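Next up, data_15.txt (compact mmCIF, C-alpha atoms):
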# COMPACT_ATOMS: atom_id res chain seq x y z
CA ALA A 1 -14.25 2.32 7.01
CA GLN A 2 -15.09 2.53 3.34
CA ARG A 3 -15.62 -0.36 0.99
CA VAL A 4 -16.40 -0.61 -2.73
CA THR A 5 -17.72 -3.75 -4.41
CA GLN A 6 -17.96 -4.53 -8.10
CA VAL A 7 -19.61 -7.93 -8.39
CA GLN A 8 -19.14 -8.33 -12.15
CA PRO A 9 -15.54 -9.40 -12.80
CA THR A 10 -16.18 -9.37 -16.55
CA GLY A 11 -18.69 -8.01 -19.04
CA SER A 12 -19.16 -7.97 -22.78
CA SER A 13 -21.21 -6.23 -25.41
CA GLN A 14 -21.50 -5.85 -29.14
CA TRP A 15 -20.56 -2.66 -30.95
CA GLY A 16 -23.33 -0.10 -30.54
CA GLU A 17 -25.02 -1.70 -27.54
CA GLU A 18 -25.60 -0.01 -24.22
CA VAL A 19 -23.54 -1.41 -21.35
CA THR A 20 -24.23 -1.19 -17.63
CA LEU A 21 -21.56 -1.82 -15.00
CA ASP A 22 -22.58 -2.07 -11.36
CA CYS A 23 -20.96 -0.87 -8.16
CA SER A 24 -22.03 -0.82 -4.52
CA TYR A 25 -20.31 0.87 -1.63
CA GLU A 26 -20.21 1.33 2.11
CA THR A 27 -19.36 4.57 3.83
CA SER A 28 -20.21 6.41 7.00
CA GLU A 29 -19.44 9.77 5.40
CA TYR A 30 -22.29 12.16 4.75
CA PHE A 31 -20.59 13.86 1.84
CA TYR A 32 -18.72 11.75 -0.64
CA ARG A 33 -18.09 11.37 -4.35
CA ILE A 34 -18.05 8.26 -6.50
CA PHE A 35 -15.74 8.20 -9.48
CA TRP A 36 -15.53 5.91 -12.48
CA TYR A 37 -12.22 5.27 -14.19
CA ARG A 38 -11.22 3.08 -17.11
CA GLN A 39 -7.83 1.46 -17.01
CA LEU A 40 -6.22 0.92 -20.37
CA PHE A 41 -4.15 -2.17 -21.07
CA SER A 42 -1.06 0.02 -20.67
CA GLY A 43 -2.03 0.71 -17.06
CA GLU A 44 -3.13 4.31 -17.52
CA MET A 45 -6.25 5.26 -15.56
CA VAL A 46 -8.65 7.50 -17.47
CA PHE A 47 -11.23 9.54 -15.54
CA LEU A 48 -14.75 9.12 -16.91
CA ILE A 49 -17.36 10.65 -14.63
CA TYR A 50 -18.20 11.31 -10.99
CA GLN A 51 -21.33 11.56 -8.86
CA PRO A 52 -21.43 13.72 -5.72
CA SER A 53 -23.52 12.31 -2.90
CA PHE A 54 -25.46 15.52 -2.37
CA ASP A 55 -26.72 15.64 -5.97
CA THR A 56 -29.79 13.53 -6.61
CA GLN A 57 -29.53 14.08 -10.35
CA ASN A 58 -27.73 11.35 -12.27
CA GLN A 59 -24.57 12.76 -13.83
CA ARG A 60 -23.86 12.52 -17.53
CA SER A 61 -20.73 13.14 -19.57
CA GLY A 62 -20.79 12.36 -23.26
CA ARG A 63 -21.59 8.67 -23.72
CA TYR A 64 -21.18 8.03 -20.00
CA SER A 65 -23.92 8.40 -17.43
CA VAL A 66 -24.61 6.99 -14.01
CA VAL A 67 -27.66 5.62 -12.25
CA PHE A 68 -27.24 6.68 -8.63
CA GLN A 69 -29.36 4.97 -6.00
CA LYS A 70 -28.16 6.61 -2.81
CA SER A 71 -30.54 4.85 -0.45
CA PHE A 72 -29.27 1.49 -1.72
CA LYS A 73 -25.65 2.73 -1.80
CA SER A 74 -25.32 1.64 -5.38
CA ILE A 75 -24.25 3.31 -8.56
CA SER A 76 -24.13 1.98 -12.10
CA LEU A 77 -22.09 3.28 -15.01
CA VAL A 78 -23.96 3.29 -18.31
CA ILE A 79 -22.04 3.46 -21.57
CA SER A 80 -24.21 4.23 -24.55
CA ALA A 81 -23.33 3.09 -28.06
CA SER A 82 -20.35 1.04 -26.89
CA GLN A 83 -17.32 0.79 -29.15
CA PRO A 84 -14.37 -1.62 -29.22
CA GLU A 85 -12.19 1.25 -27.94
CA ASP A 86 -14.25 1.17 -24.72
CA SER A 87 -12.71 -2.20 -23.85
CA GLY A 88 -10.68 -2.16 -20.67
CA THR A 89 -11.04 -2.49 -16.93
CA TYR A 90 -13.55 -0.19 -15.26
CA PHE A 91 -13.06 0.86 -11.66
CA CYS A 92 -15.52 2.43 -9.30
CA ALA A 93 -13.84 4.52 -6.58
CA LEU A 94 -15.13 6.29 -3.49
CA SER A 95 -13.76 9.42 -1.86
CA GLY A 96 -15.06 10.67 1.48
CA ASN A 97 -15.06 14.12 2.93
CA THR A 98 -12.71 13.60 5.83
CA ASN A 99 -10.01 11.29 4.52
CA THR A 100 -7.86 13.82 2.67
CA GLY A 101 -9.23 12.64 -0.64
CA LYS A 102 -7.73 9.16 -0.92
CA LEU A 103 -9.74 6.86 -3.12
CA THR A 104 -11.09 3.45 -2.19
CA PHE A 105 -11.34 1.30 -5.30
CA GLY A 106 -13.44 -1.69 -6.25
CA ASP A 107 -11.86 -4.75 -7.85
CA GLY A 108 -12.82 -3.68 -11.35
CA THR A 109 -14.89 -5.07 -14.22
CA VAL A 110 -13.12 -6.13 -17.40
CA LEU A 111 -15.27 -5.05 -20.33
CA THR A 112 -14.88 -6.41 -23.83
CA VAL A 113 -16.74 -4.73 -26.66
CA LYS A 114 -16.85 -6.91 -29.75
CA PRO A 115 -16.83 -5.36 -33.23
CA ASN B 1 -7.12 13.30 -20.74
CA SER B 2 -4.42 13.39 -18.04
CA LYS B 3 -1.17 15.31 -18.18
CA VAL B 4 0.47 13.57 -15.25
CA ILE B 5 3.90 12.29 -16.21
CA GLN B 6 5.47 9.26 -14.59
CA THR B 7 8.97 7.90 -15.19
CA PRO B 8 10.22 5.33 -15.75
CA ARG B 9 7.38 3.28 -17.20
CA TYR B 10 9.11 0.03 -16.26
CA LEU B 11 11.58 -0.72 -13.49
CA VAL B 12 13.30 -4.03 -12.78
CA LYS B 13 15.20 -4.46 -9.52
CA GLY B 14 16.74 -7.23 -7.49
CA GLN B 15 15.65 -7.88 -3.94
CA GLY B 16 17.30 -5.45 -1.56
CA GLN B 17 17.93 -2.85 -4.24
CA LYS B 18 16.56 0.68 -4.19
CA ALA B 19 13.75 1.51 -6.58
CA LYS B 20 12.94 5.12 -7.36
CA MET B 21 10.13 6.47 -9.50
CA ARG B 22 9.11 10.00 -10.34
CA CYS B 23 5.93 11.92 -11.01
CA ILE B 24 5.25 15.35 -12.45
CA PRO B 25 1.70 16.37 -11.53
CA GLU B 26 -0.62 18.16 -13.88
CA LYS B 27 0.19 21.87 -14.06
CA GLY B 28 -1.59 23.78 -11.33
CA HIS B 29 -2.37 20.69 -9.25
CA PRO B 30 -0.84 21.01 -5.79
CA VAL B 31 -2.15 17.70 -4.43
CA VAL B 32 -0.32 14.48 -5.34
CA PHE B 33 -1.27 10.91 -4.46
CA TRP B 34 0.64 7.64 -4.74
CA TYR B 35 -1.17 4.30 -5.02
CA GLN B 36 0.07 0.76 -5.40
CA GLN B 37 -1.98 -1.61 -7.61
CA ASN B 38 -1.10 -5.29 -7.33
CA LYS B 39 -1.72 -8.01 -9.88
CA ASN B 40 -5.12 -8.76 -8.29
CA ASN B 41 -6.25 -5.18 -9.01
CA GLU B 42 -6.13 -4.28 -5.34
CA PHE B 43 -5.27 -0.64 -4.81
CA LYS B 44 -3.40 0.57 -1.77
CA PHE B 45 -3.10 4.24 -0.94
CA LEU B 46 0.48 5.04 0.04
CA ILE B 47 0.84 8.76 0.64
CA ASN B 48 -0.40 12.14 -0.49
CA PHE B 49 1.02 15.64 -0.46
CA GLN B 50 -0.28 19.13 -0.74
CA ASN B 51 2.55 21.18 -2.17
CA GLN B 52 5.53 19.87 -0.21
CA GLU B 53 3.61 18.79 2.90
CA VAL B 54 2.55 15.22 3.65
CA LEU B 55 -1.21 15.03 4.21
CA GLN B 56 -1.54 11.35 5.03
CA GLN B 57 0.52 8.20 4.70
CA ILE B 58 0.18 4.57 5.67
CA ASP B 59 2.51 2.70 7.97
CA MET B 60 4.19 0.86 5.12
CA THR B 61 5.22 4.13 3.63
CA GLU B 62 6.86 5.17 6.85
CA LYS B 63 9.20 2.19 6.97
CA ARG B 64 10.75 1.12 3.66
CA PHE B 65 9.09 3.66 1.46
CA SER B 66 10.03 7.31 1.27
CA ALA B 67 8.40 10.00 -0.78
CA GLU B 68 8.79 13.69 -1.35
CA CYS B 69 7.42 16.49 -3.49
CA PRO B 70 10.08 19.24 -3.52
CA SER B 71 9.21 22.59 -5.04
CA ASN B 72 10.20 22.96 -8.68
CA SER B 73 11.19 19.29 -8.95
CA PRO B 74 9.31 16.08 -9.71
CA CYS B 75 7.70 14.21 -6.86
CA SER B 76 9.35 10.89 -6.12
CA LEU B 77 8.60 7.59 -4.42
CA GLU B 78 11.52 5.42 -3.39
CA ILE B 79 11.62 1.93 -1.96
CA GLN B 80 14.78 1.62 0.10
CA SER B 81 15.12 -2.16 -0.03
CA SER B 82 12.86 -3.78 -2.59
CA GLU B 83 11.03 -7.02 -1.79
CA ALA B 84 9.27 -9.41 -4.16
CA GLY B 85 5.93 -8.29 -2.72
CA ASP B 86 6.62 -4.75 -3.91
CA SER B 87 6.16 -5.85 -7.53
CA ALA B 88 3.17 -3.82 -8.66
CA LEU B 89 1.98 -0.88 -10.73
CA TYR B 90 2.66 2.39 -8.92
CA LEU B 91 0.22 5.09 -9.88
CA CYS B 92 0.64 8.79 -9.27
CA ALA B 93 -2.38 11.08 -9.38
CA SER B 94 -2.84 14.79 -8.94
CA SER B 95 -5.79 17.03 -8.14
CA LEU B 96 -6.70 20.63 -7.46
CA ALA B 97 -6.69 21.81 -3.89
CA GLY B 98 -10.01 22.43 -2.24
CA ALA B 99 -12.56 19.75 -1.58
CA PRO B 100 -10.95 16.46 -0.55
CA GLN B 101 -13.04 14.80 -3.17
CA ASP B 102 -11.61 16.70 -6.10
CA THR B 103 -11.11 14.56 -9.17
CA GLN B 104 -7.77 12.79 -9.30
CA TYR B 105 -6.06 12.50 -12.65
CA PHE B 106 -3.66 9.62 -13.00
CA GLY B 107 -0.39 9.13 -14.80
CA PRO B 108 0.42 6.01 -16.82
CA GLY B 109 2.11 4.34 -13.86
CA THR B 110 5.50 2.80 -13.19
CA ARG B 111 5.45 -0.99 -13.36
CA LEU B 112 7.97 -2.37 -10.86
CA LEU B 113 9.22 -5.93 -11.03
CA VAL B 114 11.37 -7.15 -8.16
CA LEU B 115 13.23 -10.34 -9.06

Will you turn the file into structure tokens for me?
Amino acid sequence: AQRVTQVQPTGSSQWGEEVTLDCSYETSEYFYRIFWYRQLFSGEMVFLIYQPSFDTQNQRSGRYSVVFQKSFKSISLVISASQPEDSGTYFCALSGNTNTGKLTFGDGTVLTVKP
Amino acid sequence: NSKVIQTPRYLVKGQGQKAKMRCIPEKGHPVVFWYQQNKNNEFKFLINFQNQEVLQQIDMTEKRFSAECPSNSPCSLEIQSSEAGDSALYLCASSLAGAPQDTQYFGPGTRLLVL
């Protein structure tokens, strides 16, 4: 069974600050990917970045990067130079190799970036 | 970001009524997923397809829920007899075939309210 935990229900930052959102997971899969999505207030889920389990290098995409600690089964999303438009709910999601791709989501972290 | 189209955006039904929602996956994406997100941000995988074939579905989907992805038509998810507990955001996502962990791109969702 897979499980994803996001212990921070809320977070906040000031415009321009770096923000870190944490996620931990449980899986028995050898190969897996961890995805980060942001859910807008409208409900739309926006894909941000993913980390494959076999890659020890932390992934980066624009202002988003991750800190992947495989041995601890944890991954953090880092948002550099945060902006008010980054406000929303951030979800960490896990996909294993043998489960036809369905995602297991955490409970989300509501981020507020103040101007 | 995503080009997945979901209609309608909002759906209001009485208990016992049918509720039908549609999804057009991103062009070139043969794999389609349906998830239910409740008001507590808990996600439940419902069913996924590759082209017109069901890959995996949960028991709930087999009973009151029906879904299909006919060729050259939108995919659809239908609840035969809506219950209050079905009130949720229904998210459709699509991905490329290949690795089960391919990135899923989500539509804006259909928000169902069962009175």

CA of Arg63 in chain A sits from CA of Gln2 in chain A at a separation of 28.5 Å

Select from chain A every residue with an atom at most 10 Å from any atom of chain B, then for each give the shortest pair of atoms and their distance in Å to one decimal, using all atoms listed in the file, rows by chain and rising number, as JSON lines.
{"residue": "A:Phe31", "atom": "CA", "partner": "B:Gln101", "partner_atom": "CA", "distance": 9.1}
{"residue": "A:Tyr32", "atom": "CA", "partner": "B:Gln101", "partner_atom": "CA", "distance": 6.9}
{"residue": "A:Arg33", "atom": "CA", "partner": "B:Gln101", "partner_atom": "CA", "distance": 6.2}
{"residue": "A:Ile34", "atom": "CA", "partner": "B:Gln101", "partner_atom": "CA", "distance": 8.9}
{"residue": "A:Phe35", "atom": "CA", "partner": "B:Thr103", "partner_atom": "CA", "distance": 7.9}
{"residue": "A:Tyr37", "atom": "CA", "partner": "B:Tyr105", "partner_atom": "CA", "distance": 9.6}
{"residue": "A:Gln39", "atom": "CA", "partner": "B:Pro108", "partner_atom": "CA", "distance": 9.4}
{"residue": "A:Leu40", "atom": "CA", "partner": "B:Pro108", "partner_atom": "CA", "distance": 9.1}
{"residue": "A:Ser42", "atom": "CA", "partner": "B:Pro108", "partner_atom": "CA", "distance": 7.3}
{"residue": "A:Gly43", "atom": "CA", "partner": "B:Pro108", "partner_atom": "CA", "distance": 5.8}
{"residue": "A:Glu44", "atom": "CA", "partner": "B:Pro108", "partner_atom": "CA", "distance": 4.0}
{"residue": "A:Met45", "atom": "CA", "partner": "B:Phe106", "partner_atom": "CA", "distance": 5.7}
{"residue": "A:Val46", "atom": "CA", "partner": "B:Asn1", "partner_atom": "CA", "distance": 6.8}
{"residue": "A:Phe47", "atom": "CA", "partner": "B:Tyr105", "partner_atom": "CA", "distance": 6.6}
{"residue": "A:Leu48", "atom": "CA", "partner": "B:Asn1", "partner_atom": "CA", "distance": 9.5}
{"residue": "A:Ile49", "atom": "CA", "partner": "B:Thr103", "partner_atom": "CA", "distance": 9.2}
{"residue": "A:Tyr50", "atom": "CA", "partner": "B:Thr103", "partner_atom": "CA", "distance": 8.0}
{"residue": "A:Pro52", "atom": "CA", "partner": "B:Gln101", "partner_atom": "CA", "distance": 8.8}
{"residue": "A:Thr89", "atom": "CA", "partner": "B:Asn41", "partner_atom": "CA", "distance": 9.6}
{"residue": "A:Phe91", "atom": "CA", "partner": "B:Asn41", "partner_atom": "CA", "distance": 9.5}
{"residue": "A:Leu94", "atom": "CA", "partner": "B:Gln101", "partner_atom": "CA", "distance": 8.8}
{"residue": "A:Ser95", "atom": "CA", "partner": "B:Gln101", "partner_atom": "CA", "distance": 5.6}
{"residue": "A:Gly96", "atom": "CA", "partner": "B:Gln101", "partner_atom": "CA", "distance": 6.5}
{"residue": "A:Asn97", "atom": "CA", "partner": "B:Pro100", "partner_atom": "CA", "distance": 5.9}
{"residue": "A:Thr98", "atom": "CA", "partner": "B:Pro100", "partner_atom": "CA", "distance": 7.2}
{"residue": "A:Asn99", "atom": "CA", "partner": "B:Pro100", "partner_atom": "CA", "distance": 7.3}
{"residue": "A:Thr100", "atom": "CA", "partner": "B:Pro100", "partner_atom": "CA", "distance": 5.2}
{"residue": "A:Gly101", "atom": "CA", "partner": "B:Pro100", "partner_atom": "CA", "distance": 4.2}
{"residue": "A:Lys102", "atom": "CA", "partner": "B:Phe45", "partner_atom": "CA", "distance": 6.8}
{"residue": "A:Leu103", "atom": "CA", "partner": "B:Phe45", "partner_atom": "CA", "distance": 7.5}
{"residue": "A:Thr104", "atom": "CA", "partner": "B:Phe43", "partner_atom": "CA", "distance": 7.6}
{"residue": "A:Phe105", "atom": "CA", "partner": "B:Phe43", "partner_atom": "CA", "distance": 6.4}
{"residue": "A:Gly106", "atom": "CA", "partner": "B:Glu42", "partner_atom": "CA", "distance": 7.8}
{"residue": "A:Asp107", "atom": "CA", "partner": "B:Asn41", "partner_atom": "CA", "distance": 5.7}
{"residue": "A:Gly108", "atom": "CA", "partner": "B:Asn41", "partner_atom": "CA", "distance": 7.1}

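Here CA of Val7 in chain A and CA of Arg60 in chain A stand 22.8 Å from one another.
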
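Picture a line from CA of Lys3 in chain B to CA of Glu26 in chain B; it runs 5.2 Å.
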
Would you mind listing what lies within 10 Å of Thr112 in chain A as a PyMOL selection string, with only C-alpha atoms counted and same-chain residues fewer than 6 positions away left out?
-> chain A and resi 10-15+82-89

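With all atoms listed in the file taken into account, the protein and nucleic acid residues at most 8 Å from Phe65 in chain B (excluding it and anything under 6 positions from it in its own chain) are Leu77, Glu78, Ile79 and Gln80 of chain B.
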
All file atoms of range 91-97 of chain A boxed axis-aligned, 6 Å per side, centre plus edges, as JSON:
{"center_x": -14.3, "center_y": 7.5, "center_z": -4.4, "size_x": 14.5, "size_y": 25.3, "size_z": 26.6}

For Tyr25 in chain A: contacts at 7 Å, all atoms listed in the file, fewer than 3 positions along chain excluded, given as a PyMOL selection string | chain A and resi 3-5+73-74

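Proximity ranking of A:Val110, A:Asn58, A:Glu26, A:Pro115 relative to Phe72 in chain A places A:Glu26 first, based on all atoms listed in the file.
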
May I have the protein, DNA and RNA residues with an atom at most 8 Å from (4.8, 11.6, -13.5), counting only C-alpha atoms in the file's coordinates, returned as a VMD selection string?
-> chain B and resid 4 to 7 22 to 25 74 to 75 92 107 to 109

Kindly complete range 11-22 of chain A to all heavy atoms; the output should be written as a CSV table (one decimal), in the frame of the given file.
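Generated file (out-v6.csv):
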chain,number,residue,atom,x,y,z
A,11,GLY,N,-17.5,-8.4,-18.3
A,11,GLY,CA,-18.7,-8.0,-19.0
A,11,GLY,C,-18.4,-7.9,-20.5
A,11,GLY,O,-17.2,-7.8,-20.9
A,12,SER,N,-19.4,-8.1,-21.3
A,12,SER,CA,-19.2,-8.0,-22.8
A,12,SER,C,-20.4,-7.3,-23.5
A,12,SER,O,-21.5,-7.4,-22.9
A,12,SER,CB,-18.8,-9.3,-23.4
A,12,SER,OG,-20.0,-10.2,-23.3
A,13,SER,N,-20.1,-6.8,-24.6
A,13,SER,CA,-21.2,-6.2,-25.4
A,13,SER,C,-20.8,-6.3,-26.9
A,13,SER,O,-19.6,-6.5,-27.2
A,13,SER,CB,-21.5,-4.8,-25.0
A,13,SER,OG,-20.5,-3.9,-25.4
A,14,GLN,N,-21.8,-6.0,-27.7
A,14,GLN,CA,-21.5,-5.8,-29.1
A,14,GLN,C,-21.4,-4.4,-29.4
A,14,GLN,O,-22.0,-3.5,-28.8
A,14,GLN,CB,-22.6,-6.5,-30.0
A,14,GLN,CG,-22.7,-8.0,-29.8
A,14,GLN,CD,-21.6,-8.7,-30.5
A,14,GLN,OE1,-21.1,-9.7,-29.9
A,14,GLN,NE2,-21.2,-8.3,-31.7
A,15,TRP,N,-20.7,-4.0,-30.5
A,15,TRP,CA,-20.6,-2.7,-31.0
A,15,TRP,C,-21.9,-2.0,-31.1
A,15,TRP,O,-22.8,-2.5,-31.7
A,15,TRP,CB,-19.9,-2.7,-32.3
A,15,TRP,CG,-19.3,-1.3,-32.7
A,15,TRP,CD1,-19.6,-0.1,-32.2
A,15,TRP,CD2,-18.3,-1.1,-33.7
A,15,TRP,NE1,-18.9,0.9,-32.9
A,15,TRP,CE2,-18.0,0.3,-33.8
A,15,TRP,CE3,-17.5,-2.0,-34.5
A,15,TRP,CZ2,-17.1,0.8,-34.6
A,15,TRP,CZ3,-16.6,-1.4,-35.4
A,15,TRP,CH2,-16.4,0.0,-35.4
A,16,GLY,N,-22.1,-0.8,-30.4
A,16,GLY,CA,-23.3,-0.1,-30.5
A,16,GLY,C,-24.3,-0.3,-29.4
A,16,GLY,O,-25.3,0.4,-29.2
A,17,GLU,N,-24.1,-1.4,-28.6
A,17,GLU,CA,-25.0,-1.7,-27.5
A,17,GLU,C,-24.8,-0.8,-26.3
A,17,GLU,O,-23.7,-0.3,-26.1
A,17,GLU,CB,-24.9,-3.2,-27.1
A,17,GLU,CG,-25.4,-4.2,-28.1
A,17,GLU,CD,-25.3,-5.6,-27.7
A,17,GLU,OE1,-24.5,-5.9,-26.7
A,17,GLU,OE2,-26.0,-6.5,-28.2
A,18,GLU,N,-25.8,-0.7,-25.5
A,18,GLU,CA,-25.6,0.0,-24.2
A,18,GLU,C,-25.1,-1.0,-23.2
A,18,GLU,O,-25.5,-2.2,-23.1
A,18,GLU,CB,-27.0,0.6,-23.8
A,18,GLU,CG,-26.9,1.4,-22.5
A,18,GLU,CD,-28.2,2.0,-22.1
A,18,GLU,OE1,-28.6,3.1,-22.6
A,18,GLU,OE2,-29.0,1.3,-21.3
A,19,VAL,N,-24.2,-0.5,-22.4
A,19,VAL,CA,-23.5,-1.4,-21.4
A,19,VAL,C,-23.8,-0.8,-20.0
A,19,VAL,O,-23.6,0.4,-19.8
A,19,VAL,CB,-22.0,-1.5,-21.6
A,19,VAL,CG1,-21.3,-2.4,-20.5
A,19,VAL,CG2,-21.7,-2.1,-23.0
A,20,THR,N,-24.1,-1.6,-19.0
A,20,THR,CA,-24.2,-1.2,-17.6
A,20,THR,C,-23.3,-2.0,-16.7
A,20,THR,O,-23.3,-3.2,-16.7
A,20,THR,CB,-25.7,-1.4,-17.1
A,20,THR,OG1,-26.6,-0.6,-18.0
A,20,THR,CG2,-25.8,-0.9,-15.7
A,21,LEU,N,-22.5,-1.2,-16.0
A,21,LEU,CA,-21.6,-1.8,-15.0
A,21,LEU,C,-22.0,-1.4,-13.6
A,21,LEU,O,-22.2,-0.2,-13.4
A,21,LEU,CB,-20.1,-1.4,-15.3
A,21,LEU,CG,-19.6,-1.6,-16.7
A,21,LEU,CD1,-18.2,-1.0,-16.9
A,21,LEU,CD2,-19.7,-3.1,-17.1
A,22,ASP,N,-22.0,-2.3,-12.7
A,22,ASP,CA,-22.6,-2.1,-11.4
A,22,ASP,C,-21.5,-1.9,-10.3
A,22,ASP,O,-20.4,-2.5,-10.4
A,22,ASP,CB,-23.5,-3.2,-10.9
A,22,ASP,CG,-24.7,-3.4,-11.9
A,22,ASP,OD1,-25.2,-2.4,-12.4
A,22,ASP,OD2,-25.0,-4.6,-12.2
